[in-house]
Each structure stands twice: as C-alpha cells, then as structure tokens.
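*Asks:* Questions regarding the structure given below will be posed in turn.
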Amino acid sequence: MPQNAILPALSYFRVSTVRHSAMGADCGVVSARFQVDVWADSSSSARAVAAQVRSALQRWSTTSGTVVQDIFYLNETNLYDPQVKIHPTACDFEVHYEE
Amino acid sequence: MAETIYRDQKLWFGGYDLTGTMNALGLDCGAESKDNTVFGDDTKSNIGGLKTVAMQCEGLVDTTTYDKVLFDNIGVADVPVSFGSSGDEGDPAYTFKASLGEYSPGGAVGELLAFSVGGSSTGKLVQGSLMVNGTKTATADGTARQLGAVSATQKVYAALHVISASDADTLDVIVASDDNAGMTSATTRLTFDQQTAIGSDWQELAGAITDDYWRVSWTITDADPSFQFVVVVAIL
C-alpha cells in the first residue's frame, strides 16, 4: 500500500501457483492462491469491504479471454494494527484458470 | 543402475492414448502360490499357479474425449492395452488384452475432477518391443528388430492401436519375420484387420518360427491419408 492512501483500500498478491501434471504433459489447468487485503480505519468498514470483495469474486468464472473455471473463497482473517490504528482483513481465494 | 523419474509413461488403451490425462499408473502381475507341501517336508512348499494381471490408472478427467471412452469401455472384453516407457520406438513395452472393471471419476468441491480406472487381463501379459509409434502418411516398412525366434511352445503377439485416422482412408498393417536384418526374404506372420478409424486390433500366432528378425509394415491408401498408430510385438 502507498503511504497515506485513502481508506478503505485494497491490495492483492499471488501467494502460490500449482500446475497440475499428467504423464508427458501438463493438463493446462492452474490453481493459484491469491490474497486480497482490505485496509480500513474501522472493523465495520473492513468487514463491509471484505463482503464486497467476496461478493465480487466468489464462484466467478469466465470463458472470455483467459478461461477462469471457478474461484473459491478459502479464508477471511480479521486483524488490527494498533500502531497505525488500521483494521486489515485478509481474504484468501483459490483461482482455477486455464493457460 | 539407470534410475528413472516417472514422468512420461505411455498408456495406450484401445484406440486412445491416455498419456496426457493420467498421472499415476500401476501394473500388477503375479502368479498364485499353491501349497504342495507333503509328508516328509520340513518346510512349507508352494508351486506357481495361474498368473494374474491387473492395471490401475489415475488421472484428471477429460470430459471432452476420454470420460466417454472410459465409461463406454467398462466391461468390454479384449481391449488391447499397452504400456511404453518413453514412447521411443525400440523401447520395451508391455501389452495385454484387458477388460475395464472399474471407472471412478470424482473429487471434492474446489478440487480438480479426478478419476481412477482399473482393469484385468483377458489374456496373457507379454513384454515385447515398441515397434512403431508415430503418424504415417504413406506406405512404408518399419525398422527390423531382433526379437528372437518363436519356439513350438511360444506365440508371437502383436497389438495395434490406431490413435487417429484421416477420413475415407485405409490402413493395413502386417508383422513379418526373417532370418536377417535386411529382411530380404520376409514372411508375413500376422495381418491386422484393416483400419479406417480410431480403433485397435490384436493378433497372435503359435510357433515354431525360426526367424529371429521382426518388422512391421503398413500400407496406406486413398487421398491425403494420415494415421497415427502404435504397434507392440512380443514373443512369449
């Protein structure tokens, strides 16, 4: 997150990527775990934004462009940083897509 | 010792190459042990009984092609099944006629849909040589290989897997033997049924055959043909 960002805000990063193998070749399906972090100055705001994130991504799929077969919402962790008085919420997703 | 990373095992089932959809494979072969202990023996004694052959394969469900193939073949007898280590011609290969007894696709939500399939033999398991593995567009002879002679108590076995076939074309495959690598006086020993589509065939012939060199030849006819096929030849 940049310094002094306007809250609430989101950041995300890829945690891990698994490519499934068959004999002789990979099957082309990738399972990637992403973490979306919600940054808010109150717990209620963090939960509300996290709910929007979940609503937008959970079970989303597309066959347009990169084929995303499905997205599963794995985990949600509510935290608090007392030094900067921010309520981060970490949302973990597993994205199954084709490459 | 030549260790091998298990990564490119070939499995041909009937007219299909399952290599790109499976990720675990097992071949179980053995023989029953029958107790023949008698009075006077001080140790249990056994004699080899009937041989057993079974295969077990796991993989990722391919709903486009292989799911229907495996489902449709449950309980179908005498489907040729062949295993090859790398797919290179000349490599050792196992082949037998099988019947699928079990096909189990399934998995938990959020996981890749997987399957396991199991089958058992409807004939002997034989180890031989991968004689042909490729796409052919014209009539030709394969490479002659010294597989050995066939004794009076043995047979020569051959499995043909046609993986792809062009429309309205024909493929005729034979197995011939000779006493020299040049195959100058080759004798046709096995003739597969004519193939015009994805499919498979199995042929066998009893010995004795004194020739020790073996070669696969194919005749392809009609316009712009293309056949991808695999032939395994074995003597047991």
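Here's how to read the names in the structure tokens: chain A, B, ... by the order shown, residue numbers from 1 in each chain, ligand numbers from 1 in the order shown.
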I want to know what sits within 12 Å of B:Leu113, based on only C-alpha atoms, with residues of the same chain fewer than 6 positions away left out; could you give that as a list of chain:residue names?
*Replies:* A:His20, A:Cys27, A:Val29, B:Thr21, B:Met22, B:Glu58, B:Gly59, B:Leu60, B:Val61, B:Asp62, B:Thr63, B:Asp67, B:Ser104, B:Pro105, B:Gly106, B:Gly107
*Asks:* Tell me the residues of chain B close to chain A, meaning within 12 Å using only C-alpha atoms, as a ChimeraX atom specification.
*Replies:* /B:5-11,17-25,57-62,84-87,109-114
*Asks:* Using C-alpha atoms, can you write the selected residues to a file as a PDB file, in the first residue's frame?
*Replies:*
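What follows is the written file part06.pdb:
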ATOM      1  CA  ILE B   5      11.939 -40.110 -12.999  1.00  0.00           C
ATOM      2  CA  TYR B   6       8.388 -41.295 -13.533  1.00  0.00           C
ATOM      3  CA  ARG B   7       7.094 -38.582 -15.798  1.00  0.00           C
ATOM      4  CA  ASP B   8       6.318 -39.767 -19.301  1.00  0.00           C
ATOM      5  CA  GLN B   9       4.808 -43.228 -19.079  1.00  0.00           C
ATOM      6  CA  LYS B  10       2.759 -44.139 -22.106  1.00  0.00           C
ATOM      7  CA  LEU B  11      -0.558 -45.932 -21.882  1.00  0.00           C
ATOM      8  CA  ASP B  17      -3.506 -42.538 -25.886  1.00  0.00           C
ATOM      9  CA  LEU B  18      -4.237 -41.797 -22.221  1.00  0.00           C
ATOM     10  CA  THR B  19      -0.772 -40.383 -21.576  1.00  0.00           C
ATOM     11  CA  GLY B  20      -1.870 -36.750 -21.363  1.00  0.00           C
ATOM     12  CA  THR B  21      -4.743 -37.343 -18.960  1.00  0.00           C
ATOM     13  CA  MET B  22      -3.317 -39.772 -16.398  1.00  0.00           C
ATOM     14  CA  ASN B  23      -0.829 -39.064 -13.636  1.00  0.00           C
ATOM     15  CA  ALA B  24      -0.382 -42.410 -11.908  1.00  0.00           C
ATOM     16  CA  LEU B  25      -0.155 -45.886 -13.283  1.00  0.00           C
ATOM     17  CA  CYS B  57      -4.573 -45.893 -13.532  1.00  0.00           C
ATOM     18  CA  GLU B  58      -5.356 -42.481 -12.049  1.00  0.00           C
ATOM     19  CA  GLY B  59      -5.664 -39.167 -13.782  1.00  0.00           C
ATOM     20  CA  LEU B  60      -7.561 -35.967 -14.425  1.00  0.00           C
ATOM     21  CA  VAL B  61     -10.969 -36.279 -16.043  1.00  0.00           C
ATOM     22  CA  ASP B  62     -11.070 -35.075 -19.622  1.00  0.00           C
ATOM     23  CA  GLY B  84       5.613 -47.987 -23.024  1.00  0.00           C
ATOM     24  CA  SER B  85       8.304 -46.285 -21.022  1.00  0.00           C
ATOM     25  CA  SER B  86       9.092 -43.268 -23.176  1.00  0.00           C
ATOM     26  CA  GLY B  87       7.282 -43.923 -26.408  1.00  0.00           C
ATOM     27  CA  VAL B 109     -15.638 -29.223  -4.400  1.00  0.00           C
ATOM     28  CA  GLY B 110     -12.802 -26.906  -5.348  1.00  0.00           C
ATOM     29  CA  GLU B 111     -10.533 -29.753  -6.416  1.00  0.00           C
ATOM     30  CA  LEU B 112      -9.710 -30.995  -9.888  1.00  0.00           C
ATOM     31  CA  LEU B 113     -12.072 -33.722 -11.028  1.00  0.00           C
ATOM     32  CA  ALA B 114     -10.020 -36.909 -10.998  1.00  0.00           C
TER      33      ALA B 114
END
*Asks:* Please determine, counting only C-alpha atoms, which residue among A:Ala51, A:Glu76, A:Ile86, A:Arg33 has the shortest atom-to-atom distance to A:Ala5.
*Replies:*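 For A:Ala5, the nearest of the given residues is A:Ile86.
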*Asks:* Considering only C-alpha atoms, return as number ranges by chain whatever protein or nucleic-acid residues lie within 12 Å of B:Ala159, sequence-local ones (same chain, fewer than 2 positions apart) excluded.
*Replies:* B: 12-15, 78-83, 93-98, 125-133, 156-157, 161-162, 173-175, 190-193, 199-204, 216, 229-235
*Asks:* From a backbone DSSP assignment, name each residue in stretch 34-225 of chain B labelled strand (DSSP E or B), as a count of residues only.
*Replies:* 107
*Asks:* Which residues are close to A:Asn78, i.e. within 9 Å by only C-alpha atoms, leaving aside same-chain residues fewer than 3 positions away? Reply as a PyMOL selection string.
*Replies:* chain A and resi 43+46-47+87-91
*Asks:* Keeping only N, CA and C atoms, write the selected residues as a CSV table (one decimal), in the first residue's frame.
*Replies:*
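The new file again11.csv reads:
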chain,number,residue,atom,x,y,z
A,43,SER,N,-13.3,-1.6,12.0
A,43,SER,CA,-13.6,-3.0,11.7
A,43,SER,C,-14.9,-3.2,10.9
A,46,ALA,N,-14.0,-2.5,7.4
A,46,ALA,CA,-13.2,-3.6,6.8
A,46,ALA,C,-14.1,-4.8,6.5
A,47,ARG,N,-15.0,-5.1,7.4
A,47,ARG,CA,-15.9,-6.2,7.1
A,47,ARG,C,-16.8,-6.0,5.9
A,87,HIS,N,-7.5,-1.5,10.5
A,87,HIS,CA,-8.1,-2.9,10.6
A,87,HIS,C,-8.0,-3.6,9.3
A,88,PRO,N,-6.9,-4.3,9.1
A,88,PRO,CA,-6.7,-5.1,7.8
A,88,PRO,C,-7.6,-6.4,7.9
A,89,THR,N,-8.1,-6.8,6.7
A,89,THR,CA,-8.7,-8.1,6.6
A,89,THR,C,-8.1,-8.8,5.4
A,90,ALA,N,-7.6,-10.0,5.7
A,90,ALA,CA,-7.0,-10.8,4.6
A,90,ALA,C,-8.0,-11.8,4.1
A,91,CYS,N,-8.3,-11.7,2.8
A,91,CYS,CA,-9.2,-12.6,2.1
A,91,CYS,C,-8.4,-13.5,1.2
*Asks:* Take atom CA of A:Val15 and atom CA of A:Asn75 and report the distance between them in Å, one decimal.
*Replies:*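 Here the two named atoms are 13.1 Å from each other.
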*Asks:* Name the residues in contact with A:Val53 at a cut-off of 9 Å, using only C-alpha atoms, excluding same-chain residues fewer than 4 positions from it; report them as a list in words.
*Replies:*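 Contacts, with the query itself left out: Val36, Val38, Ala48, Val49, Leu57, Gln58 and Cys91 of chain A.
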*Asks:* Export C-alpha atoms of the chosen residues as a tab-separated table (two decimals), in the first residue's frame?
*Replies:*
chain	number	residue	atom	x	y	z
A	36	VAL	CA	-6.75	-9.76	-1.19
A	38	VAL	CA	-8.69	-4.91	2.82
A	48	ALA	CA	-18.22	-4.36	4.69
A	49	VAL	CA	-15.49	-4.02	2.06
A	57	LEU	CA	-15.02	-12.89	-6.65
A	58	GLN	CA	-16.62	-15.93	-5.06
A	91	CYS	CA	-9.21	-12.63	2.12
